[in-house]
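Source file data-v8.cif; content: mmCIF, C-alpha atoms and all ligand atoms.
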data_input
#
loop_
_atom_site.label_atom_id
_atom_site.label_comp_id
_atom_site.auth_asym_id
_atom_site.auth_seq_id
_atom_site.Cartn_x
_atom_site.Cartn_y
_atom_site.Cartn_z
CA MET K 299 12.16 -22.56 2.91
CA THR K 300 10.85 -23.99 -0.33
CA GLU K 301 11.61 -22.00 -3.43
CA GLN K 302 8.72 -20.03 -4.91
CA PRO K 303 7.50 -21.37 -8.25
CA GLN K 304 8.20 -18.97 -11.13
CA ARG K 305 5.82 -20.59 -13.58
CA LEU K 306 2.55 -22.41 -13.18
CA THR K 307 0.82 -24.40 -15.91
CA ILE K 308 -2.82 -25.32 -15.39
CA ARG K 309 -5.67 -26.55 -17.53
CA ARG K 310 -7.27 -23.62 -19.29
CA PRO K 311 -9.78 -21.97 -16.90
CA ASP K 312 -13.47 -21.30 -17.44
CA ASP K 313 -15.51 -18.42 -16.03
CA TRP K 314 -18.85 -19.61 -14.62
CA HIS K 315 -20.33 -16.08 -14.34
CA LEU K 316 -19.43 -13.40 -16.87
CA HIS K 317 -21.07 -10.25 -18.25
CA ILE K 318 -19.94 -9.32 -21.75
CA ARG K 319 -22.88 -7.10 -22.77
CA THR K 320 -23.65 -6.42 -26.43
CA GLY K 321 -22.64 -4.19 -29.36
CA ALA K 322 -19.51 -2.07 -29.01
CA MET K 323 -18.99 -3.05 -25.36
CA LEU K 324 -19.09 -6.75 -26.31
CA ARG K 325 -16.53 -6.23 -29.04
CA ALA K 326 -14.25 -4.37 -26.63
CA VAL K 327 -14.35 -6.73 -23.63
CA LEU K 328 -14.82 -10.16 -25.21
CA PRO K 329 -11.25 -10.58 -26.57
CA LEU K 330 -9.83 -10.11 -23.06
CA SER K 331 -11.86 -13.04 -21.73
CA ALA K 332 -11.52 -15.19 -24.84
CA ARG K 333 -7.73 -14.97 -24.54
CA GLN K 334 -7.76 -16.58 -21.10
CA LEU K 335 -10.79 -18.83 -20.99
CA GLY K 336 -12.05 -22.01 -22.57
CA ARG K 337 -15.68 -21.30 -21.77
CA ALA K 338 -17.83 -18.83 -19.89
CA ILE K 339 -21.37 -18.77 -18.61
CA ILE K 340 -22.75 -15.66 -20.29
CA MET K 341 -25.09 -13.58 -18.18
CA PRO K 342 -28.43 -12.71 -19.84
CA ASN K 343 -29.16 -9.33 -18.20
CA LEU K 344 -29.07 -7.32 -21.41
CA VAL K 345 -31.57 -4.55 -22.17
CA PRO K 346 -33.98 -6.15 -23.04
CA PRO K 347 -33.01 -9.39 -21.22
CA VAL K 348 -32.30 -12.73 -22.92
CA THR K 349 -35.45 -14.48 -21.78
CA THR K 350 -36.00 -17.23 -24.36
CA THR K 351 -34.12 -19.88 -26.33
CA GLU K 352 -34.57 -17.83 -29.48
CA LYS K 353 -33.07 -14.73 -27.89
CA ALA K 354 -30.17 -16.79 -26.51
CA MET K 355 -29.48 -18.11 -30.04
CA ALA K 356 -29.41 -14.57 -31.41
CA TYR K 357 -27.10 -13.42 -28.61
CA ARG K 358 -24.81 -16.42 -29.15
CA ALA K 359 -24.64 -15.58 -32.86
CA GLU K 360 -23.59 -12.01 -32.01
CA ILE K 361 -20.87 -13.32 -29.69
CA GLN K 362 -19.63 -15.78 -32.30
CA GLU K 363 -19.53 -13.07 -34.92
CA ALA K 364 -17.46 -10.88 -32.59
CA LEU K 365 -15.11 -13.79 -31.87
CA GLY K 366 -14.39 -14.55 -35.50
CA SER K 367 -14.30 -17.95 -37.13
CA ASP K 368 -11.13 -19.44 -35.61
CA ALA K 369 -12.16 -18.83 -32.01
CA ARG K 370 -11.57 -21.52 -29.41
CA PHE K 371 -13.62 -19.77 -26.73
CA GLN K 372 -17.09 -21.21 -26.20
CA PRO K 373 -19.94 -19.08 -24.79
CA LEU K 374 -22.35 -21.08 -22.61
CA MET K 375 -25.70 -19.36 -22.82
CA THR K 376 -28.25 -18.74 -20.09
CA ALA K 377 -31.87 -17.64 -20.12
CA TYR K 378 -33.12 -14.91 -17.83
CA MET K 379 -36.02 -16.19 -15.76
CA THR K 380 -39.15 -14.05 -15.55
CA ASP K 381 -42.55 -14.69 -13.99
CA GLY K 382 -43.65 -15.78 -17.47
CA THR K 383 -40.84 -18.20 -18.40
CA ASP K 384 -42.17 -21.17 -20.41
CA PRO K 385 -40.89 -24.55 -19.16
CA ASP K 386 -41.22 -26.06 -22.66
CA ASP K 387 -39.04 -23.36 -24.20
CA ILE K 388 -36.38 -23.80 -21.51
CA GLU K 389 -36.37 -27.56 -21.96
CA ARG K 390 -36.08 -27.25 -25.73
CA GLY K 391 -33.17 -24.84 -25.38
CA PHE K 392 -31.38 -27.19 -22.99
CA ARG K 393 -31.92 -30.31 -25.09
CA ASP K 394 -30.82 -28.51 -28.28
CA GLY K 395 -27.59 -27.40 -26.62
CA VAL K 396 -28.45 -23.70 -26.82
CA LEU K 397 -28.99 -23.13 -23.09
CA THR K 398 -26.69 -24.38 -20.34
CA ALA K 399 -28.61 -22.94 -17.38
CA VAL K 400 -31.32 -20.51 -16.28
CA LYS K 401 -30.51 -17.37 -14.30
CA LEU K 402 -32.80 -16.17 -11.56
CA TYR K 403 -32.59 -12.54 -10.51
CA PRO K 404 -34.99 -11.50 -7.78
CA GLN K 405 -36.81 -8.49 -9.27
CA ASN K 406 -34.72 -5.31 -8.97
CA ALA K 407 -31.90 -7.05 -7.08
CA THR K 408 -29.18 -5.65 -9.34
CA THR K 409 -28.31 -4.08 -12.72
CA ASN K 410 -30.99 -4.74 -15.36
CA SER K 411 -33.14 -7.01 -13.20
CA ALA K 412 -36.46 -5.17 -13.39
CA ALA K 413 -37.93 -8.10 -15.35
CA GLY K 414 -36.72 -10.62 -12.75
CA VAL K 415 -38.87 -12.98 -10.72
CA SER K 416 -41.30 -11.18 -8.39
CA ASP K 417 -42.18 -14.25 -6.31
CA ILE K 418 -40.36 -17.54 -6.50
CA THR K 419 -43.54 -19.60 -6.18
CA LYS K 420 -44.54 -18.24 -9.61
CA VAL K 421 -41.69 -20.12 -11.28
CA TYR K 422 -42.14 -23.45 -9.48
CA PRO K 423 -43.34 -25.12 -12.72
CA VAL K 424 -40.10 -24.05 -14.44
CA LEU K 425 -38.01 -25.28 -11.51
CA GLU K 426 -39.89 -28.63 -11.53
CA ARG K 427 -38.98 -29.05 -15.18
CA MET K 428 -35.34 -28.05 -14.66
CA GLN K 429 -35.06 -30.51 -11.80
CA ALA K 430 -36.51 -33.26 -14.01
CA ILE K 431 -34.07 -32.65 -16.88
CA GLY K 432 -30.97 -31.84 -14.78
CA MET K 433 -30.67 -28.22 -15.85
CA PRO K 434 -28.83 -25.95 -13.38
CA LEU K 435 -30.43 -22.89 -11.77
CA LEU K 436 -28.09 -19.95 -11.22
CA MET K 437 -29.23 -17.61 -8.47
CA HIS K 438 -28.43 -14.03 -7.65
CA GLY K 439 -28.66 -14.69 -3.93
CA GLU K 440 -29.96 -11.47 -2.40
CA VAL K 441 -33.39 -10.56 -1.09
CA THR K 442 -34.73 -7.28 -2.43
CA ASP K 443 -36.80 -6.20 0.56
CA LYS K 444 -35.72 -2.60 1.08
CA THR K 445 -36.17 -2.95 4.84
CA VAL K 446 -33.30 -5.48 4.89
CA ASP K 447 -29.93 -3.78 5.21
CA VAL K 448 -27.92 -4.04 1.97
CA PHE K 449 -25.09 -5.81 3.79
CA ASP K 450 -27.52 -8.46 5.15
CA ARG K 451 -29.35 -9.29 1.94
CA GLU K 452 -27.33 -12.41 1.12
CA ALA K 453 -27.50 -13.91 4.62
CA VAL K 454 -31.27 -13.31 4.72
CA PHE K 455 -31.63 -14.85 1.25
CA VAL K 456 -29.86 -18.00 2.45
CA GLU K 457 -32.42 -18.50 5.22
CA LEU K 458 -35.61 -17.18 3.60
CA VAL K 459 -35.19 -18.31 -0.02
CA LEU K 460 -32.39 -20.81 -0.52
CA ARG K 461 -33.09 -23.20 2.37
CA PRO K 462 -36.81 -23.55 1.55
CA LEU K 463 -35.91 -24.02 -2.14
CA LEU K 464 -33.47 -26.82 -1.30
CA ASP K 465 -36.26 -28.50 0.70
CA ARG K 466 -38.87 -28.06 -2.02
CA PHE K 467 -36.58 -29.20 -4.89
CA PRO K 468 -34.32 -31.91 -3.46
CA THR K 469 -32.46 -32.75 -6.67
CA LEU K 470 -32.44 -29.39 -8.50
CA LYS K 471 -28.86 -28.33 -9.26
CA ILE K 472 -28.30 -24.81 -7.93
CA VAL K 473 -25.36 -22.44 -8.19
CA MET K 474 -25.35 -19.65 -5.64
CA GLU K 475 -23.61 -16.99 -7.68
CA HIS K 476 -20.86 -14.72 -6.39
CA ILE K 477 -21.13 -15.59 -2.69
CA THR K 478 -19.86 -12.87 -0.37
CA THR K 479 -20.56 -14.08 3.17
CA GLU K 480 -19.65 -16.82 5.62
CA GLU K 481 -23.34 -17.77 5.64
CA GLY K 482 -23.08 -18.39 1.89
CA VAL K 483 -19.95 -20.49 2.39
CA ALA K 484 -21.64 -22.51 5.14
CA ILE K 485 -24.74 -23.52 3.20
CA VAL K 486 -22.68 -24.50 0.17
CA ARG K 487 -20.47 -26.67 2.39
CA GLN K 488 -23.60 -28.25 3.86
CA HIS K 489 -25.21 -29.17 0.53
CA GLY K 490 -22.17 -29.30 -1.76
CA PRO K 491 -21.35 -32.95 -1.05
CA SER K 492 -24.73 -34.12 -2.40
CA GLY K 493 -23.87 -32.49 -5.73
CA ARG K 494 -26.87 -30.16 -5.78
CA LEU K 495 -25.37 -26.90 -4.57
CA ALA K 496 -22.22 -25.06 -5.58
CA ALA K 497 -21.00 -21.46 -5.59
CA THR K 498 -18.93 -19.14 -7.69
CA ILE K 499 -16.55 -16.69 -6.00
CA THR K 500 -15.32 -13.50 -7.66
CA ALA K 501 -11.72 -12.30 -7.57
CA HIS K 502 -12.72 -8.91 -6.20
CA HIS K 503 -14.60 -10.38 -3.23
CA LEU K 504 -11.41 -12.26 -2.37
CA MET K 505 -9.46 -8.98 -2.48
CA ILE K 506 -11.61 -6.19 -1.05
CA ASN K 507 -13.84 -5.73 1.97
CA ARG K 508 -16.49 -3.08 2.55
CA SER K 509 -14.05 -0.61 4.09
CA ASP K 510 -12.10 -0.53 0.84
CA ILE K 511 -15.15 1.00 -0.87
CA PHE K 512 -14.71 4.04 1.40
CA ALA K 513 -10.91 4.19 1.71
CA GLY K 514 -10.04 7.90 1.60
CA GLY K 515 -13.31 8.74 -0.19
CA ILE K 516 -16.08 6.91 -2.01
CA ARG K 517 -14.72 4.59 -4.69
CA PRO K 518 -17.42 3.88 -7.25
CA HIS K 519 -15.27 1.37 -9.15
CA LEU K 520 -15.34 -0.91 -6.09
CA TYR K 521 -19.12 -0.88 -5.95
CA CYS K 522 -20.78 -4.09 -7.08
CA LEU K 523 -23.66 -6.33 -6.08
CA PRO K 524 -23.63 -8.23 -3.90
CA ILE K 525 -21.66 -5.49 -2.16
CA ALA K 526 -18.37 -6.42 -0.49
CA LYS K 527 -18.83 -7.35 3.17
CA ARG K 528 -16.81 -7.21 6.42
CA GLU K 529 -13.25 -8.52 6.57
CA LYS K 530 -14.30 -11.75 8.33
CA HIS K 531 -16.41 -12.62 5.29
CA ARG K 532 -13.57 -11.91 2.88
CA LEU K 533 -11.37 -14.24 4.90
CA ALA K 534 -14.05 -16.96 4.87
CA LEU K 535 -14.25 -16.64 1.08
CA ARG K 536 -10.48 -16.93 0.74
CA ARG K 537 -10.47 -20.10 2.83
CA ALA K 538 -13.32 -21.55 0.79
CA ALA K 539 -11.83 -20.74 -2.62
CA THR K 540 -8.38 -22.06 -1.74
CA SER K 541 -9.68 -25.16 0.08
CA GLY K 542 -9.83 -27.29 -3.04
CA GLU K 543 -13.40 -28.30 -2.14
CA PRO K 544 -15.14 -29.09 -5.44
CA TRP K 545 -18.30 -27.03 -4.78
CA PHE K 546 -16.43 -23.72 -5.03
CA PHE K 547 -15.32 -22.49 -8.44
CA LEU K 548 -14.30 -19.47 -10.49
CA GLY K 549 -16.90 -16.93 -11.57
CA THR K 550 -15.55 -13.42 -12.05
CA ASP K 551 -18.85 -11.55 -12.34
CA SER K 552 -16.76 -9.17 -14.42
CA ALA K 553 -19.36 -6.49 -15.17
CA PRO K 554 -18.16 -3.62 -17.38
CA HIS K 555 -19.88 -0.24 -17.26
CA PRO K 556 -18.75 2.95 -19.03
CA ILE K 557 -16.76 5.13 -16.63
CA GLY K 558 -19.47 7.80 -16.87
CA ALA K 559 -22.08 5.35 -15.56
CA LYS K 560 -19.87 4.53 -12.54
CA GLU K 561 -18.64 8.03 -11.67
CA THR K 562 -21.98 9.74 -11.22
CA ALA K 563 -24.55 10.61 -8.55
CA CYS K 564 -26.13 7.15 -8.79
CA GLY K 565 -23.41 4.87 -10.10
CA CYS K 566 -24.01 1.40 -11.56
CA ALA K 567 -22.99 -1.76 -9.70
CA GLY K 568 -20.30 -3.84 -11.34
CA ILE K 569 -16.52 -4.36 -11.25
CA PHE K 570 -14.60 -5.06 -14.45
CA THR K 571 -12.02 -7.78 -13.76
CA ALA K 572 -11.88 -9.62 -17.10
CA ALA K 573 -8.65 -7.96 -18.26
CA THR K 574 -6.60 -9.85 -15.65
CA ALA K 575 -9.05 -12.41 -14.32
CA ILE K 576 -6.78 -15.43 -13.84
CA GLU K 577 -3.90 -13.27 -12.59
CA LEU K 578 -6.08 -11.80 -9.83
CA TYR K 579 -7.02 -15.25 -8.61
CA ALA K 580 -3.39 -16.41 -8.89
CA GLN K 581 -2.36 -13.51 -6.65
CA VAL K 582 -4.86 -14.56 -3.98
CA PHE K 583 -3.98 -18.27 -4.13
CA ASP K 584 -0.27 -17.39 -3.98
CA GLN K 585 -0.80 -15.16 -0.92
CA GLU K 586 -2.65 -18.03 0.75
CA GLY K 587 0.11 -20.52 -0.09
CA ALA K 588 -2.39 -22.46 -2.19
CA LEU K 589 -1.18 -22.21 -5.79
CA ASP K 590 -1.55 -26.00 -5.94
CA LYS K 591 -5.33 -25.51 -5.54
CA LEU K 592 -5.74 -22.89 -8.28
CA GLU K 593 -6.30 -25.41 -11.06
CA ALA K 594 -9.12 -27.16 -9.19
CA PHE K 595 -10.89 -23.86 -8.50
CA ALA K 596 -10.33 -22.31 -11.93
CA SER K 597 -10.43 -25.26 -14.31
CA LEU K 598 -11.76 -28.51 -12.79
CA ASN K 599 -14.51 -27.91 -10.22
CA GLY K 600 -16.81 -25.95 -12.53
CA PRO K 601 -16.90 -28.48 -15.38
CA ARG K 602 -17.38 -31.25 -12.87
CA PHE K 603 -20.49 -29.59 -11.42
CA TYR K 604 -21.88 -28.87 -14.89
CA GLY K 605 -21.13 -32.40 -16.13
CA LEU K 606 -18.56 -31.23 -18.70
CA GLU K 607 -14.97 -32.23 -19.42
CA PRO K 608 -12.18 -29.86 -18.37
CA ASN K 609 -10.66 -27.91 -21.25
CA PRO K 610 -8.15 -30.01 -23.21
CA ASP K 611 -5.40 -27.37 -23.34
CA THR K 612 -3.42 -25.43 -20.72
CA ILE K 613 -2.29 -21.91 -19.90
CA THR K 614 0.94 -20.86 -18.23
CA LEU K 615 1.25 -18.15 -15.60
CA GLU K 616 4.59 -16.43 -15.00
CA ARG K 617 5.75 -14.62 -11.90
CA SER K 618 7.17 -11.81 -14.01
CA GLY K 619 4.00 -9.92 -13.13
CA GLN K 620 2.41 -6.92 -14.77
CA THR K 621 0.94 -3.50 -14.19
CA VAL K 622 -2.82 -3.64 -14.71
CA ARG K 623 -3.71 -1.80 -17.88
CA ASP K 624 -5.23 1.63 -18.12
CA VAL K 625 -8.76 2.25 -19.41
CA LEU K 626 -10.18 0.10 -22.16
CA ASP K 627 -11.62 2.16 -24.99
CA VAL K 628 -15.06 1.02 -26.08
CA ASP K 629 -15.87 2.89 -29.26
CA GLY K 630 -14.14 6.21 -28.93
CA SER K 631 -17.03 7.60 -26.91
CA ALA K 632 -16.85 5.41 -23.81
CA ALA K 633 -14.22 3.63 -21.75
CA VAL K 634 -14.10 1.07 -18.96
CA LEU K 635 -11.72 1.12 -16.00
CA PRO K 636 -10.23 -2.27 -15.07
CA PHE K 637 -10.13 -3.35 -11.42
CA LEU K 638 -6.75 -2.35 -9.87
CA SER K 639 -5.81 -0.33 -12.96
CA GLY K 640 -2.25 0.99 -12.60
CA GLU K 641 -1.41 -1.40 -9.76
CA ARG K 642 1.09 -4.21 -9.83
CA LEU K 643 0.12 -7.90 -9.97
CA ASP K 644 2.64 -10.66 -9.30
CA TRP K 645 1.52 -12.92 -12.15
CA ARG K 646 0.90 -12.67 -15.84
CA MET K 647 -0.49 -15.14 -18.30
CA ALA K 648 2.13 -16.06 -20.88
CA GLY K 649 1.36 -15.07 -24.47
CA GLU K 650 0.07 -17.67 -26.88
C1 LIG M 701 -23.88 -6.89 -12.62
C2 LIG M 701 -24.05 -6.10 -13.90
O1 LIG M 701 -23.53 -4.97 -13.99
O2 LIG M 701 -24.66 -6.60 -14.85
N1 LIG M 701 -23.41 -6.03 -11.58
C3 LIG M 701 -22.77 -6.39 -10.46
O3 LIG M 701 -22.52 -5.53 -9.61
N2 LIG M 701 -22.38 -7.63 -10.27
C4 LIG M 701 -25.17 -7.55 -12.28
C5 LIG M 701 -25.02 -8.68 -11.29
O4 LIG M 701 -24.44 -9.70 -11.61
O5 LIG M 701 -25.50 -8.54 -10.16
ZN ZN M 702 -23.23 -10.86 -12.37
#
Could I get this structure in the form of structure tokens?
Amino acid sequence: MTEQPQRLTIRRPDDWHLHIRTGAMLRAVLPLSARQLGRAIIMPNLVPPVTTTEKAMAYRAEIQEALGSDARFQPLMTAYMTDGTDPDDIERGFRDGVLTAVKLYPQNATTNSAAGVSDITKVYPVLERMQAIGMPLLMHGEVTDKTVDVFDREAVFVELVLRPLLDRFPTLKIVMEHITTEEGVAIVRQHGPSGRLAATITAHHLMINRSDIFAGGIRPHLYCLPIAKREKHRLALRRAATSGEPWFFLGTDSAPHPIGAKETACGCAGIFTAATAIELYAQVFDQEGALDKLEAFASLNGPRFYGLEPNPDTITLERSGQTVRDVLDVDGSAAVLPFLSGERLDWRMAGE
């Protein structure tokens, strides 16, 4: 038997799908991510959403203010696509280095997506422009048709929306965000090698299946969108993430909500994983005997897809482990519960 590694040093990871919100919530959650990450793709689903270059600049300024002047962490901004998105504004934002990508939420697919795209043909001019300038499209890959079962919405999206889009826009760079199904894995494997399709995978979808949401009672803190699927899908995701294939990379979809907004009659979707993001992934890769693939997934594949250099510095993980922290106070009036709070993880990121 080979001896288990006690320490693991990898290039500093990036998070290619992160919600950090605004105001007091931003100030509470951002330091946890900034400690671990070099960069993160910042989701634009604020209220109101970040729909233009100007709004993305204002949001970036708020993030930078919260980070303080000596911060190493770099927020990569996105614009929230609506039926009215202006291709010229998006292009300007991309060329000026304000915007990294555009996020497409089908209308009402998830938290704060009421202003999302009602019909994808309406944004074809924007997609034409993005294809022409090499700007990535990030998709929340679920149909919103209420007659489609919530557990089938990703698989139906793959067939009804993503495949036709890949045909219509042969060189548009697309990230299928937070994939949760073997159908998602399969289409990314099919089109990944041509460099035009990739996917992020969350830590929680590698760790829980849909039965966990109902284990012993309903567990609102395990509710997110896309919702966790059957065990066979979780296993497909674990194989994909740990495969080393370059079209799969880290995106936590860490999505903090105040505990009161989760533990209620109609609780919000979103799981808060940012407090221990890299340790959660390390746990999964270790269980799969694939710690040697963690760096590719967390730190190399994402920048490669986005045409960026990997981060210049490294982080070190130690097998000393940790107990996941208790609630995170937001401003004295609200708190957020971290995923697996109170449970033991095998890894911890060494202090700086
Ligand atoms: C996200 C949120 O809370 O903003 N929720 C979630 O369950 N993932 C929205 C999203 O990314 O779908
Ligand atoms: Zn998200």
Item to check | Nearby polymer residues, ligand ZN 702 (chain M), at most 8 Å, only C-alpha atoms and all ligand atoms, as a ChimeraX atom specification | outcome: /K:315-317,341,438,475-476,523,551-553,568
Keeping only C-alpha atoms, write the selected residues as a short mmCIF file (atom, residue, chain, number, x, y, z; two decimals), in the frame of the given file.
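Final output, part_6.cif:
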data_model
loop_
_atom_site.label_atom_id
_atom_site.label_comp_id
_atom_site.auth_asym_id
_atom_site.auth_seq_id
_atom_site.Cartn_x
_atom_site.Cartn_y
_atom_site.Cartn_z
CA HIS K 315 -20.33 -16.08 -14.34
CA LEU K 316 -19.43 -13.40 -16.87
CA HIS K 317 -21.07 -10.25 -18.25
CA MET K 341 -25.09 -13.58 -18.18
CA HIS K 438 -28.43 -14.03 -7.65
CA GLU K 475 -23.61 -16.99 -7.68
CA HIS K 476 -20.86 -14.72 -6.39
CA LEU K 523 -23.66 -6.33 -6.08
CA ASP K 551 -18.85 -11.55 -12.34
CA SER K 552 -16.76 -9.17 -14.42
CA ALA K 553 -19.36 -6.49 -15.17
CA GLY K 568 -20.30 -3.84 -11.34
#
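Taking all atoms listed in the file into account, K:Arg309 lies nearest to K:Leu335 out of the set K:Trp645, K:Leu335, K:Leu458, K:Leu635.
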Next on the checklist: Which residue is closest to K:Cys522? Choose from K:Trp545, K:Tyr604, K:Phe583, K:Phe449 and count all atoms listed in the file.
Outcome noted: K:Phe449
Checklist entry - Hey, can you pull every residue with an atom no more than 6 Å from (-28.2, -22.9, -13.1), using only C-alpha atoms, and send it as number ranges by chain? => result K: 399-400, 434-436, 472-473
Next on the checklist: I'd like to know which of K:Val459, K:Ala407, K:Val486, K:Ile388 is closest to K:Thr419, using all atoms listed in the file.
Outcome noted: K:Val459
Item to check | Protein, DNA and RNA residues within 12 Å of (-12.2, 5.8, -22.0), only C-alpha atoms, as an MDAnalysis selection string | outcome: chainID K and resid 323 326 555:559 624:636
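Across the model, the gap from atom CA of K:Arg451 to atom CA of K:Thr500 is 17.5 Å.
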Axis-aligned box for all listed atoms of ligand LIG 701 (chain M), 4 Å per side, centre and edges in Å to one decimal, as AutoDock Vina command-line options:
--center_x -23.9 --center_y -7.3 --center_z -12.2 --size_x 11.1 --size_y 12.7 --size_z 13.2
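The closest residue to ligand LIG 701 (chain M), picked from K:Ser331, K:Ser509, K:Thr614, K:Thr320 and counting all atoms listed in the file, is K:Thr320.
Put simply, atom CA of K:Asp447 is 25.0 Å away from atom CA of K:Phe570.
Minimum distance to K:Arg461 across K:Leu495, K:Ala364, K:Ile340, K:Val446 (counting all atoms listed in the file) occurs at K:Leu495.
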Checklist entry - Smallest atom-to-atom distance to ligand LIG 701 (chain M): which of K:Gly382, K:Gly514, K:Pro554, K:Gly605, using only C-alpha atoms and all ligand atoms? => result K:Pro554
Item to check | stretch 524-530 of chain K environment, 8 Å, only C-alpha atoms, sequence neighbours closer than 6 positions dropped, as a ChimeraX atom specification | outcome: /K:440,448-449,452,476-480,503,506-509
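All residues of protein, DNA or RNA that reach within 12 Å of K:Asn406, judged by only C-alpha atoms and not counting those fewer than 2 positions away in the chain, are K:Asn343, K:Thr380, K:Leu402, K:Tyr403, K:Pro404, K:Thr408, K:Thr409, K:Asn410, K:Ser411, K:Ala412, K:Ala413, K:Gly414, K:Val415, K:Ser416, K:Asp417, K:His438, K:Glu440, K:Val441, K:Thr442, K:Asp443, K:Lys444, K:Leu523.
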With C-alpha atoms kept, could you save the residues just selected as a PDB file, in the coordinates of the input?
ATOM      1  CA  ASN K 343     -29.160  -9.330 -18.200  1.00  0.00           C
ATOM      2  CA  THR K 380     -39.150 -14.050 -15.550  1.00  0.00           C
ATOM      3  CA  LEU K 402     -32.800 -16.170 -11.560  1.00  0.00           C
ATOM      4  CA  TYR K 403     -32.590 -12.540 -10.510  1.00  0.00           C
ATOM      5  CA  PRO K 404     -34.990 -11.500  -7.780  1.00  0.00           C
ATOM      6  CA  THR K 408     -29.180  -5.650  -9.340  1.00  0.00           C
ATOM      7  CA  THR K 409     -28.310  -4.080 -12.720  1.00  0.00           C
ATOM      8  CA  ASN K 410     -30.990  -4.740 -15.360  1.00  0.00           C
ATOM      9  CA  SER K 411     -33.140  -7.010 -13.200  1.00  0.00           C
ATOM     10  CA  ALA K 412     -36.460  -5.170 -13.390  1.00  0.00           C
ATOM     11  CA  ALA K 413     -37.930  -8.100 -15.350  1.00  0.00           C
ATOM     12  CA  GLY K 414     -36.720 -10.620 -12.750  1.00  0.00           C
ATOM     13  CA  VAL K 415     -38.870 -12.980 -10.720  1.00  0.00           C
ATOM     14  CA  SER K 416     -41.300 -11.180  -8.390  1.00  0.00           C
ATOM     15  CA  ASP K 417     -42.180 -14.250  -6.310  1.00  0.00           C
ATOM     16  CA  HIS K 438     -28.430 -14.030  -7.650  1.00  0.00           C
ATOM     17  CA  GLU K 440     -29.960 -11.470  -2.400  1.00  0.00           C
ATOM     18  CA  VAL K 441     -33.390 -10.560  -1.090  1.00  0.00           C
ATOM     19  CA  THR K 442     -34.730  -7.280  -2.430  1.00  0.00           C
ATOM     20  CA  ASP K 443     -36.800  -6.200   0.560  1.00  0.00           C
ATOM     21  CA  LYS K 444     -35.720  -2.600   1.080  1.00  0.00           C
ATOM     22  CA  LEU K 523     -23.660  -6.330  -6.080  1.00  0.00           C
TER      23      LEU K 523
END
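For the atom pair formed by atom CA of K:Leu578 and atom CA of K:Leu548, the distance is 11.3 Å, given to one decimal.
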Next on the checklist: Show me, as number ranges by chain, the residues that have an atom within 7 Å of K:Pro608 when counting all atoms listed in the file, minus same-chain residues fewer than 6 positions from it.
Outcome noted: K: 597-598, 601
